[in-house]
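Chemist: The following block contains the structure, expressed as C-alpha cells.
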Amino acid sequence: MRLGELFAGYGGLGMAVEEVFGATTAWFSEYEAAPSKILAHHWPDVPNYGDVTKIDWANIEPVDIISGGSPCQDLSLAGKRRGMQDGTRSNLWESMREGIAIIKPKYVVWENVKGALSAGAVSEMEQSEGRLGTDGEPNLRAIGRVLGDLADLGFDAEWRGVRAADVGAPHGRFRVFILASHRDRPRLQVTRNPGVAHQEGRGESAATLRNSIPAANGHDIRSDRARIVNQETGWPEPTHSDHTNWGSYGPAIKRWERTNGPAPRPTEHSGRGLMRLSPHFAEWMMGLPAGWVTSVPGVSRADQLKACGNGVVPQQAIAALTDMLHSFQAKDIAA
C-alpha cells in the first residue's frame, strides 16, 4: 500500500502506519522547516508538498492511506480551547478532508490530543437553521466533527484513546486515534505472521493493550525502518541508565528500556554551569531510535525538543491501529 502523511512532524505516525499496513510512504505534507529536515534525512527520495492548504489534490499521486494529526493547539487542554472552527489551526482538518474527498483512499488515520474529545467544533450541520448549536454554544465536539465528515465521505470508522504508558512508555501522553475504512473498498485481512504488530498477544482488544505491549520477552516493536536506519548510520548507543539514579521512576524507565533500549542521561550541561533537559532523552521518551531527531544536521536543540514535543509515539499508534484493524475484521466475520 502507498501512504500519504499530512502534518507529518518527524514521521512518527507514518512509521506506525508503514509497520501495521506494510505500507510505503509516497509523499508528505509538512510546513515547518525543522521537521521537514528530519523527514528529508530519513526519507530522502520522498517529496514533501509543504503547506497543506496549497496542495493541488487533483494533481498529487493517489495513495491507499492518508494519515495525519492536524494541529492540536486549539484543542489541547493546555491551550485556549478555541476548538475546531474558522480561523483556528485545528481547523486545518478541512484541508485534510478535502484531500480525502478527492483522492478517495482505502483508509484514513487521524491522531490528536485528548482535548479532541471535549473541545467544540463548528460544521455546516451546526450552523444550519434549526439544527444543533444554533441557540448557543456548539454541541458538536472535534472528534465528532471528524467522524461525521468521514461518514459523509463514505467511511466507517473506529476510534481509540491510548496512553503512551499503555505501551510501556514512562509518561502518560494520552492520544486519540481514528481509523476509517472506506465502506466500498475491501479491507485488509489481518494475519498473525507479517510484522510485529500482528504477533500473538497484540491487538485482540483494547483491554489487552496495557498488559500485552510490549511483550513479556521485551521484543522491540520500533518500526523496521527506524531499526534499519539506526544500524546503517552507525549512531552511538545511548549511555546506559545505570549511570543515573532514577529514584521512584526507576521501574517505569526500566520498562521502556525493554522496548526502546538503554535510556540516555535525562539532562545535559547548558554551557553556563546549569543543567537542562537533554533532547536525546526526549527522543528516547518518544520511542524513537537514538539520533532519529538529534543526529539530523541543521536542527537546533530548541527545534529538536519542539519536534519531540509535537510528535507521535510510534508504538502507541501501532497498538491503536492494530486493535482497530482486528475490530474491523471481527465485525466483517460476524457479518
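Residue numbers start at 1 in each chain; chains themselves are named A, B, ... in the order of the C-alpha cells; ligands are numbered from 1 in the order shown.
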Produce a table with one row for each residue of region 19-53 of chain A that has an atom at most 12 Å from any atom of region 315-329 of chain A, each row naming the nearest atom pair and its distance in Å at one decimal; use only C-alpha atoms; arrange rows by chain and rising residue number; format as a Markdown table.

Modeler:
| residue | atom | partner | partner_atom | distance |
| --- | --- | --- | --- | --- |
| A:Glu19 | CA | A:Ile318 | CA | 7.6 |
| A:Val20 | CA | A:Ile318 | CA | 6.4 |
| A:Phe21 | CA | A:Thr322 | CA | 9.1 |
| A:Gly22 | CA | A:Ile318 | CA | 11.8 |

Chemist: Residues near Met285 (chain A), anyone? I mean within 10 Å using only C-alpha atoms, not counting same-chain ones fewer than 6 positions away, as an NGL selection string.

Modeler: :A and (164 or 169-171 or 253 or 256-257 or 260 or 263-264 or 266 or 279 or 308 or 313)

Chemist: Given the choices A:Glu30, A:Glu283, A:Asp166, A:Glu111, which gets closest to Lys306 (chain A) if the distance is worked out from only C-alpha atoms?

Modeler: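 Of A:Glu30, A:Glu283, A:Asp166, A:Glu111, the one nearest Lys306 (chain A), counting only C-alpha atoms, is A:Glu283.
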
Chemist: So which residues touch region 57-67 of chain A within 6 Å, counting only C-alpha atoms, skipping near sequence neighbours fewer than 5 positions away, as a PyMOL selection string?

Modeler: chain A and resi 1-5+99+103+105-110

Chemist: So that I have them on file, write out the residues from the current selection with C-alpha atoms, as a PDB file, in the first residue's frame.

Modeler:
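Result written to result-v2.pdb:
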ATOM      1  CA  MET A   1       0.000   0.000   0.000  1.00  0.00           C
ATOM      2  CA  ARG A   2       1.016   3.619  -0.590  1.00  0.00           C
ATOM      3  CA  LEU A   3       0.812   6.219   2.183  1.00  0.00           C
ATOM      4  CA  GLY A   4       0.485   9.998   2.154  1.00  0.00           C
ATOM      5  CA  GLU A   5       1.152  11.657   5.523  1.00  0.00           C
ATOM      6  CA  GLY A  99      -7.596  15.615   0.155  1.00  0.00           C
ATOM      7  CA  ILE A 103      -8.074  11.024  -3.554  1.00  0.00           C
ATOM      8  CA  PRO A 105      -8.084   6.352  -0.164  1.00  0.00           C
ATOM      9  CA  LYS A 106      -8.962   2.959   1.287  1.00  0.00           C
ATOM     10  CA  TYR A 107      -8.002   4.064   4.799  1.00  0.00           C
ATOM     11  CA  VAL A 108      -7.697   7.271   6.785  1.00  0.00           C
ATOM     12  CA  VAL A 109      -5.736   7.585  10.032  1.00  0.00           C
ATOM     13  CA  TRP A 110      -6.216  10.654  12.244  1.00  0.00           C
TER      14      TRP A 110
END

Chemist: Identify which of the residues A:Trp27, A:Gly172, A:Arg160, A:Arg185 lies closest to Ala252 (chain A), counting only C-alpha atoms when measuring atom-to-atom distances.

Modeler: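 Checking each candidate against Ala252 (chain A), we get A:Gly172 as the closest.
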
Chemist: Near Leu39 (chain A), within 12 Å and counting only C-alpha atoms, which residues show up once chain neighbours fewer than 6 positions away are dropped, as number ranges by chain?

Modeler: A: 5-12, 14-15, 25, 27-33, 45-50, 292-293, 296-297, 299, 307

Chemist: Using only C-alpha atoms, determine which residues lie at most 8 Å from Ile143 (chain A), disregarding the query and same-chain residues fewer than 4 positions distant; provide the list as number ranges by chain.

Modeler: A: 116-117, 147

Chemist: Could you check the closest approach to Arg255 (chain A) for each of A:Leu150, A:Ile38, A:Leu305, A:Gly168 and tell me which residue wins, using only C-alpha atoms?

Modeler: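 Nearest candidate to Arg255 (chain A) out of A:Leu150, A:Ile38, A:Leu305, A:Gly168: A:Gly168.
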
Chemist: Would you kindly return, as a ChimeraX atom specification, each protein, DNA or RNA residue with an atom no farther than 9 Å from any atom of Asp156 (chain A), considering only C-alpha atoms and excluding same-chain residues fewer than 5 positions away?

Modeler: /A:147,150-151,179-183
